[in-house]
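Asker: Got a structure for you, coords_34.txt, holding compact mmCIF, C-alpha atoms.
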# COMPACT_ATOMS: atom_id res chain seq x y z
CA GLN A 296 16.47 3.37 -15.71
CA HIS A 297 13.83 0.66 -15.97
CA PRO A 298 12.34 -0.24 -19.36
CA ALA A 299 8.88 0.67 -20.61
CA GLY A 300 6.13 -1.85 -19.97
CA THR A 301 2.68 -2.76 -21.24
CA VAL A 302 0.00 -4.81 -19.50
CA GLU A 303 -2.28 -5.86 -22.33
CA ALA A 304 -4.75 -7.69 -20.07
CA ALA A 305 -5.28 -4.78 -17.68
CA VAL A 306 -8.85 -3.72 -16.88
CA PRO A 307 -10.57 -1.80 -18.39
CA HIS A 308 -7.96 -1.75 -21.18
CA ARG A 309 -4.23 -1.75 -21.87
CA PHE A 310 -1.95 -0.02 -19.34
CA THR A 311 1.45 1.23 -20.49
CA TRP A 312 4.25 3.00 -18.66
CA PRO A 313 7.19 4.82 -20.26
CA ALA A 314 10.81 3.92 -19.58
CA GLY A 315 12.03 5.36 -16.30
CA ALA A 316 8.64 6.83 -15.39
CA ALA A 317 6.99 4.17 -13.21
CA ALA A 318 7.31 3.34 -9.52
CA LEU A 319 5.98 0.54 -7.32
CA VAL A 320 4.06 1.71 -4.25
CA MET A 321 3.73 -0.82 -1.42
CA ILE A 322 0.91 0.35 0.84
CA ASP A 323 0.99 -0.49 4.57
CA TRP A 324 2.46 -3.99 4.58
CA GLN A 325 3.03 -3.54 8.29
CA LYS A 326 2.76 -5.81 11.30
CA ASP A 327 0.01 -3.59 12.73
CA PHE A 328 -2.31 -4.84 9.98
CA CYS A 329 -0.90 -8.27 9.09
CA ASP A 330 0.00 -9.75 12.47
CA PRO A 331 -2.65 -11.84 14.28
CA ASN A 332 -2.09 -9.70 17.38
CA GLY A 333 -1.76 -6.33 15.67
CA PHE A 334 -3.99 -3.30 15.35
CA GLY A 335 -6.18 -4.82 12.64
CA ALA A 336 -6.84 -7.93 14.69
CA SER A 337 -7.61 -5.78 17.74
CA LEU A 338 -10.61 -4.43 15.83
CA GLY A 339 -11.94 -7.99 15.46
CA ASN A 340 -10.60 -8.66 11.97
CA ASP A 341 -9.22 -11.94 10.61
CA VAL A 342 -5.78 -11.23 9.12
CA ALA A 343 -5.66 -14.49 7.13
CA PRO A 344 -6.87 -12.93 3.84
CA LEU A 345 -4.17 -10.25 4.06
CA ARG A 346 -1.45 -12.81 4.67
CA GLU A 347 -2.51 -14.78 1.58
CA ALA A 348 -1.55 -11.81 -0.60
CA ILE A 349 1.95 -11.48 0.87
CA PRO A 350 3.71 -14.00 -1.45
CA VAL A 351 2.12 -12.35 -4.48
CA ALA A 352 3.20 -8.89 -3.37
CA ALA A 353 6.69 -10.28 -2.76
CA ALA A 354 6.86 -11.56 -6.33
CA VAL A 355 5.81 -8.16 -7.71
CA LEU A 356 8.34 -6.43 -5.46
CA ALA A 357 11.13 -8.74 -6.64
CA ALA A 358 10.27 -8.09 -10.29
CA ALA A 359 10.23 -4.32 -9.78
CA ARG A 360 13.62 -4.43 -8.09
CA ALA A 361 15.06 -6.62 -10.84
CA ALA A 362 13.79 -4.14 -13.43
CA GLY A 363 15.37 -1.20 -11.60
CA MET A 364 12.01 0.40 -10.83
CA PRO A 365 11.85 2.77 -7.83
CA VAL A 366 10.04 1.33 -4.82
CA ILE A 367 8.14 3.26 -2.16
CA HIS A 368 6.86 1.67 1.06
CA THR A 369 4.26 3.27 3.33
CA LEU A 370 3.36 2.78 6.98
CA GLU A 371 0.30 4.25 8.63
CA SER A 372 1.80 5.64 11.81
CA HIS A 373 1.61 8.46 14.29
CA MET A 374 4.04 10.40 16.43
CA PRO A 375 4.45 9.04 19.99
CA ASP A 376 2.53 11.97 21.46
CA LEU A 377 -0.30 11.46 18.93
CA SER A 378 0.00 15.10 17.88
CA ASP A 379 -0.64 14.12 14.26
CA CYS A 380 -3.67 11.95 15.10
CA PRO A 381 -6.95 13.85 14.83
CA PRO A 382 -9.17 13.47 17.92
CA SER A 383 -11.97 12.18 15.69
CA LYS A 384 -9.77 9.29 14.51
CA LEU A 385 -8.72 8.46 18.05
CA ARG A 386 -12.34 8.45 19.21
CA ARG A 387 -13.27 5.92 16.53
CA CYS A 388 -10.09 3.86 17.03
CA PRO A 389 -9.16 4.02 20.72
CA ALA A 390 -6.69 1.13 20.23
CA ILE A 391 -4.26 3.57 18.57
CA GLY A 392 -1.35 4.06 20.93
CA GLN A 393 -2.26 1.07 23.10
CA SER A 394 0.33 -1.67 23.74
CA THR A 395 0.05 -5.21 22.41
CA THR A 396 2.06 -8.45 22.17
CA ASP A 397 2.47 -11.02 19.41
CA ALA A 398 1.39 -14.65 19.50
CA GLN A 399 4.61 -15.59 21.32
CA GLY A 400 4.05 -12.97 23.98
CA GLN A 401 6.75 -10.66 22.63
CA ALA A 402 6.01 -6.96 22.96
CA MET A 403 4.90 -5.26 19.72
CA GLY A 404 4.79 -1.87 21.40
CA ARG A 405 2.12 0.77 20.92
CA MET A 406 -0.16 0.20 17.96
CA LEU A 407 0.23 2.54 14.95
CA ILE A 408 3.02 4.47 16.66
CA ARG A 409 6.10 5.30 14.61
CA HIS A 410 9.14 3.07 15.16
CA GLU A 411 7.35 0.73 17.57
CA PRO A 412 8.01 -3.01 16.86
CA GLY A 413 4.52 -3.52 15.44
CA ASN A 414 4.75 -0.41 13.29
CA ALA A 415 7.30 -2.00 11.01
CA LEU A 416 7.13 -3.63 7.61
CA ILE A 417 6.64 -7.39 7.69
CA GLU A 418 9.85 -9.32 7.02
CA GLU A 419 8.65 -10.72 3.70
CA LEU A 420 8.18 -7.21 2.29
CA SER A 421 10.75 -5.16 4.16
CA ASP A 422 12.54 -2.28 2.47
CA GLN A 423 16.04 -2.41 1.04
CA PRO A 424 18.68 0.34 1.13
CA GLY A 425 17.74 3.19 -1.18
CA GLU A 426 13.99 2.49 -1.09
CA LYS A 427 11.79 5.30 0.20
CA VAL A 428 9.74 4.65 3.35
CA ILE A 429 6.81 7.02 3.95
CA PHE A 430 5.27 7.46 7.40
CA LYS A 431 1.73 8.61 6.74
CA PRO A 432 -0.62 9.85 9.46
CA GLY A 433 -3.75 9.28 7.40
CA LYS A 434 -5.23 6.79 4.97
CA GLY A 435 -3.76 8.32 1.81
CA ALA A 436 -0.03 8.20 1.06
CA PHE A 437 0.17 11.82 -0.13
CA SER A 438 -1.59 13.72 2.66
CA GLY A 439 0.88 15.01 5.24
CA THR A 440 3.90 13.40 3.53
CA ASP A 441 6.61 14.23 0.99
CA LEU A 442 5.58 11.49 -1.43
CA GLY A 443 4.45 13.91 -4.14
CA ALA A 444 7.74 15.81 -4.06
CA HIS A 445 9.71 12.56 -4.06
CA LEU A 446 7.91 11.23 -7.15
CA LYS A 447 8.27 14.56 -8.95
CA ALA A 448 12.02 14.56 -8.31
CA LEU A 449 12.25 11.10 -9.86
CA GLY A 450 10.20 12.06 -12.92
CA ILE A 451 7.54 9.47 -12.11
CA THR A 452 4.20 9.63 -13.94
CA HIS A 453 2.88 6.06 -13.49
CA LEU A 454 2.30 4.17 -10.24
CA ILE A 455 1.80 0.46 -9.65
CA PHE A 456 0.17 -0.35 -6.33
CA THR A 457 0.04 -3.33 -3.99
CA GLY A 458 -1.07 -3.22 -0.38
CA VAL A 459 -3.65 -3.38 2.37
CA THR A 460 -6.38 -2.76 2.87
CA THR A 461 -7.84 -2.44 -0.61
CA GLU A 462 -10.82 -0.27 0.25
CA VAL A 463 -9.14 2.00 2.78
CA CYS A 464 -5.47 2.98 2.47
CA VAL A 465 -4.89 1.54 -1.01
CA GLN A 466 -7.94 3.15 -2.57
CA SER A 467 -7.35 6.43 -0.71
CA SER A 468 -3.78 6.56 -2.01
CA MET A 469 -4.84 5.78 -5.57
CA ARG A 470 -7.49 8.48 -5.51
CA GLU A 471 -4.98 11.01 -4.18
CA ALA A 472 -2.54 9.98 -6.92
CA ASN A 473 -5.23 10.22 -9.58
CA ASP A 474 -6.10 13.75 -8.47
CA ARG A 475 -2.42 14.66 -8.80
CA GLY A 476 -2.24 13.45 -12.39
CA PHE A 477 -0.61 10.04 -11.96
CA GLU A 478 -1.70 7.04 -14.01
CA CYS A 479 -2.30 4.20 -11.55
CA LEU A 480 -2.61 0.43 -11.68
CA LEU A 481 -3.54 -1.84 -8.77
CA VAL A 482 -2.27 -5.44 -8.77
CA GLU A 483 -5.48 -7.36 -8.06
CA ASP A 484 -4.01 -10.37 -6.28
CA ALA A 485 -1.38 -8.34 -4.40
CA THR A 486 -3.94 -6.37 -2.43
CA GLU A 487 -6.41 -7.57 0.17
CA SER A 488 -9.14 -6.60 2.58
CA TYR A 489 -10.51 -8.07 5.78
CA PHE A 490 -13.82 -8.05 3.88
CA PRO A 491 -13.85 -9.78 0.44
CA ALA A 492 -16.94 -7.88 -0.69
CA PHE A 493 -15.21 -4.57 0.02
CA LYS A 494 -12.24 -5.57 -2.14
CA ALA A 495 -14.48 -6.60 -5.02
CA ALA A 496 -16.43 -3.36 -4.84
CA THR A 497 -13.24 -1.30 -4.78
CA LEU A 498 -11.78 -3.00 -7.84
CA ALA A 499 -15.03 -2.30 -9.70
CA MET A 500 -15.06 1.36 -8.61
CA ILE A 501 -11.44 1.93 -9.62
CA THR A 502 -11.87 0.67 -13.18
CA ALA A 503 -15.38 2.00 -13.86
CA GLN A 504 -16.07 4.65 -16.49
CA ASN A 505 -12.89 4.15 -18.50
CA ALA A 506 -10.55 3.83 -15.49
CA ILE A 507 -11.99 6.74 -13.52
CA VAL A 508 -9.43 6.09 -10.78
CA GLY A 509 -7.10 3.66 -12.52
CA TRP A 510 -6.47 0.19 -13.84
CA THR A 511 -6.26 -3.27 -12.30
CA ALA A 512 -4.39 -6.36 -13.47
CA LYS A 513 -3.22 -9.79 -12.32
CA SER A 514 0.27 -10.07 -10.86
CA ALA A 515 1.44 -12.51 -13.55
CA ASP A 516 0.69 -9.94 -16.26
CA VAL A 517 2.29 -7.08 -14.33
CA ILE A 518 5.42 -9.11 -13.62
CA ALA A 519 5.69 -10.12 -17.26
CA ALA A 520 5.48 -6.45 -18.29
CA MET A 521 8.18 -5.54 -15.76
CA GLN A 522 10.34 -8.25 -17.28
CA GLY A 523 9.78 -6.88 -20.76
CA ASN A 524 7.61 -9.80 -21.92
Please re-express this file's structure in C-alpha cells.

Answerer:
Amino acid sequence: QHPAGTVEAAVPHRFTWPAGAAALVMIDWQKDFCDPNGFGASLGNDVAPLREAIPVAAAVLAAARAAGMPVIHTLESHMPDLSDCPPSKLRRCPAIGQSTTDAQGQAMGRMLIRHEPGNALIEELSDQPGEKVIFKPGKGAFSGTDLGAHLKALGITHLIFTGVTTEVCVQSSMREANDRGFECLLVEDATESYFPAFKAATLAMITAQNAIVGWTAKSADVIAAMQGN
C-alpha cells in the first residue's frame, strides 16, 4: 500500500492522507476535450490552455503510480444509441453523437460516444493495466457509475484530482465526492478550463469557508508528498 502523505502548503491549510487510503482521480483527459478537432473545439473553444496542463498531470500521474496509489480515469461518454443522454443535454449540445476528424483528416468517430476514437484518453495520460476507467454519462464521476463502490472496496477516504474542465466535470466530481464523505484535493496546475476566469473562480469556491468542498495545491507539493518528502 502507498505511504501516508502531507501537503503542508495546501490551501486553505494542510492536507494529509493516511497510508493506503488515497487515490488519484484523472477527470476526462480525453481527445474529445483536448484535441483541436474534438467536441470541445466544436463548441468554439481553444484547447491550448487544456494542453498546457497535460505535462503537469503526467508528472502527478507518474508520482502516484510510483507510490503505489490507486488511479482512476474518467471519460464523459454516452452509449451509441444515446439512451443515457438526457434530451435536455442533447438539445444544448447537438454536437454529441456527430462525427468529426482530427487535424490530419483521420476519423475521430462520433463525439462523446463510448469507444469511438475521439472518446479515448489522450496518449500522454492513458491508463495502464489494473487502473480503473469510468465511463460517466454526466458531469460528475459518481452519478450513474460504480465509482463509489469501487472506492469503498479499496478503503479509499481521500481523493486527489486532476482534470478538465475545472469548473464543469472536475468541480462536479469533487462536489459529489465531498457529499459522499471523501476528503478531496485538486492539483491547481494539473487542471484547466477553456476560460481562465472560470478556473480561478472554481479554485476560490472549492477552498472557501475552511475547505467547504476541498483543498487545492501546486503539483510540486503534491508530488513531494507522494514521494514521502

Asker: Using all atoms listed in the file, which protein or nucleic acid residues come within 7 Å of Ala316 in chain A? Drop anything in the same chain fewer than 6 positions from it, and give the result as a PDB file with C-alpha atoms, in the frame of the given file.

Answerer:
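around_38.pdb, written as the output of this step:
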ATOM      1  CA  GLY A 450      10.200  12.060 -12.920  1.00  0.00           C
ATOM      2  CA  ILE A 451       7.540   9.470 -12.110  1.00  0.00           C
ATOM      3  CA  THR A 452       4.200   9.630 -13.940  1.00  0.00           C
ATOM      4  CA  HIS A 453       2.880   6.060 -13.490  1.00  0.00           C
TER       5      HIS A 453
END

Asker: Using Å and a single decimal, report how far CA of Ala317 in chain A sits from CA of Thr460 in chain A.

Answerer: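 Those two atoms sit 22.0 Å apart.
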
Asker: Quick one: residues within 10 Å of Met374 in chain A, all atoms listed in the file counted, chain neighbours fewer than 2 positions away excluded, as a PyMOL selection string?

Answerer: chain A and resi 372+376-380+392+407-410+430+432

Asker: Might I get the box with edges along x, y and z of the file that holds all atoms of range 433-443 of chain A listed there, padded by 6 Å on every side, given as centre and edge lengths in Å to one decimal, as lines of an AutoDock Vina configuration file?

Answerer:
center_x = 0.7
center_y = 10.9
center_z = 1.6
size_x = 23.8
size_y = 20.2
size_z = 23.5

Asker: Could you give me, as a ChimeraX atom specification, the residues within 9 Å of Asp323 in chain A, counting all atoms listed in the file and dropping anything in the same chain fewer than 3 positions from it?

Answerer: /A:326-328,368-371,416,458-460,464-465

Asker: Would you mind telling me which residue in A:Thr461, A:Ser438, A:Gln401, A:Ser337 lies nearest to Thr497 in chain A when using only C-alpha atoms?

Answerer: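 So, comparing all the options, the nearest one is A:Thr461.
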
Asker: List the spatial neighbours of Val302 in chain A as a list in words - criterion: any atom at most 7 Å away, all atoms listed in the file, same-chain residues fewer than 2 positions off excluded.

Answerer: Gly300, Ala304, Ala305, Arg309, Phe310, Thr311, Asp516, Val517 and Ala520 of chain A

Asker: Suppose you want the space between CA of Gly476 in chain A and CA of Ala495 in chain A; what is it in Å?

Answerer: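 Going from CA of Gly476 in chain A over to CA of Ala495 in chain A covers 24.6 Å.
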
Asker: Could you tell me how far CA of Met321 in chain A sits from CA of Gly404 in chain A, in Å to one decimal place?

Answerer: 22.9 Å

Asker: Go through A:Gly315, A:Ala353, A:Ser394, A:Val342 one by one, measure the shortest atom-to-atom distance of each to Pro412 in chain A using only C-alpha atoms, and give the residue with the smallest value.

Answerer: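 Using only C-alpha atoms, Pro412 in chain A sits closest to A:Ser394.
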
Asker: With distances taken over only C-alpha atoms, which residue among A:Asn332, A:Asn414, A:Ser514, A:Ser468 lies nearest Thr440 in chain A?

Answerer: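 Nearest to Thr440 in chain A: A:Ser468.
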
Asker: Extract, using only C-alpha atoms, all DNA, RNA and protein residues at most 7 Å from range 478-481 of chain A, discarding same-chain residues fewer than 6 positions from it, and format them as a list in words.

Answerer: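 Final neighbour list, sorted by chain and number: Thr452, His453, Leu454, Ile455, Phe456, Thr457, Met469, Gly509, Trp510, Thr511 and Ala512 of chain A.
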
Asker: For the residues in that selection, give me C-alpha atoms as a PDB file, keeping the file's coordinate frame.

Answerer:
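The new file selection27.pdb reads:
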ATOM      1  CA  THR A 452       4.200   9.630 -13.940  1.00  0.00           C
ATOM      2  CA  HIS A 453       2.880   6.060 -13.490  1.00  0.00           C
ATOM      3  CA  LEU A 454       2.300   4.170 -10.240  1.00  0.00           C
ATOM      4  CA  ILE A 455       1.800   0.460  -9.650  1.00  0.00           C
ATOM      5  CA  PHE A 456       0.170  -0.350  -6.330  1.00  0.00           C
ATOM      6  CA  THR A 457       0.040  -3.330  -3.990  1.00  0.00           C
ATOM      7  CA  MET A 469      -4.840   5.780  -5.570  1.00  0.00           C
ATOM      8  CA  GLY A 509      -7.100   3.660 -12.520  1.00  0.00           C
ATOM      9  CA  TRP A 510      -6.470   0.190 -13.840  1.00  0.00           C
ATOM     10  CA  THR A 511      -6.260  -3.270 -12.300  1.00  0.00           C
ATOM     11  CA  ALA A 512      -4.390  -6.360 -13.470  1.00  0.00           C
TER      12      ALA A 512
END

Asker: In file coordinates, which residues lie within 12 Å of (4.7, 12.3, -0.4) using only C-alpha atoms, given as JSON, numbers by chain?

Answerer: {"A": [320, 367, 368, 369, 427, 428, 429, 430, 431, 432, 433, 435, 436, 437, 438, 439, 440, 441, 442, 443, 444, 445, 446, 447, 448, 468, 471, 472, 475]}

Asker: Check the smallest atom-to-atom distance from each of A:Gly413, A:Pro350, A:Gly425, A:Pro365 to Ile391 in chain A using all atoms listed in the file, then report the winner.

Answerer: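 Ranking A:Gly413, A:Pro350, A:Gly425, A:Pro365 by distance to Ile391 in chain A, first place goes to A:Gly413.
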
Asker: Hey, which of A:Ala402, A:Leu420, A:Leu385, A:Ala299 ends up closest to Cys329 in chain A? Count only C-alpha atoms.

Answerer: A:Leu420

Asker: Which one is closest to Glu418 in chain A: A:Ala390, A:Ile349, A:Met500, A:Val366? Count all atoms listed in the file.

Answerer: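 Under the stated criterion, the closest residue is A:Ile349.
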
Asker: Dig up all the protein and nucleic acid residues within 12 Å of (14.2, -6.6, -10.2) in the file frame, using only C-alpha atoms, and format them as a PyMOL selection string.

Answerer: chain A and resi 296-298+319+353-366+518-523
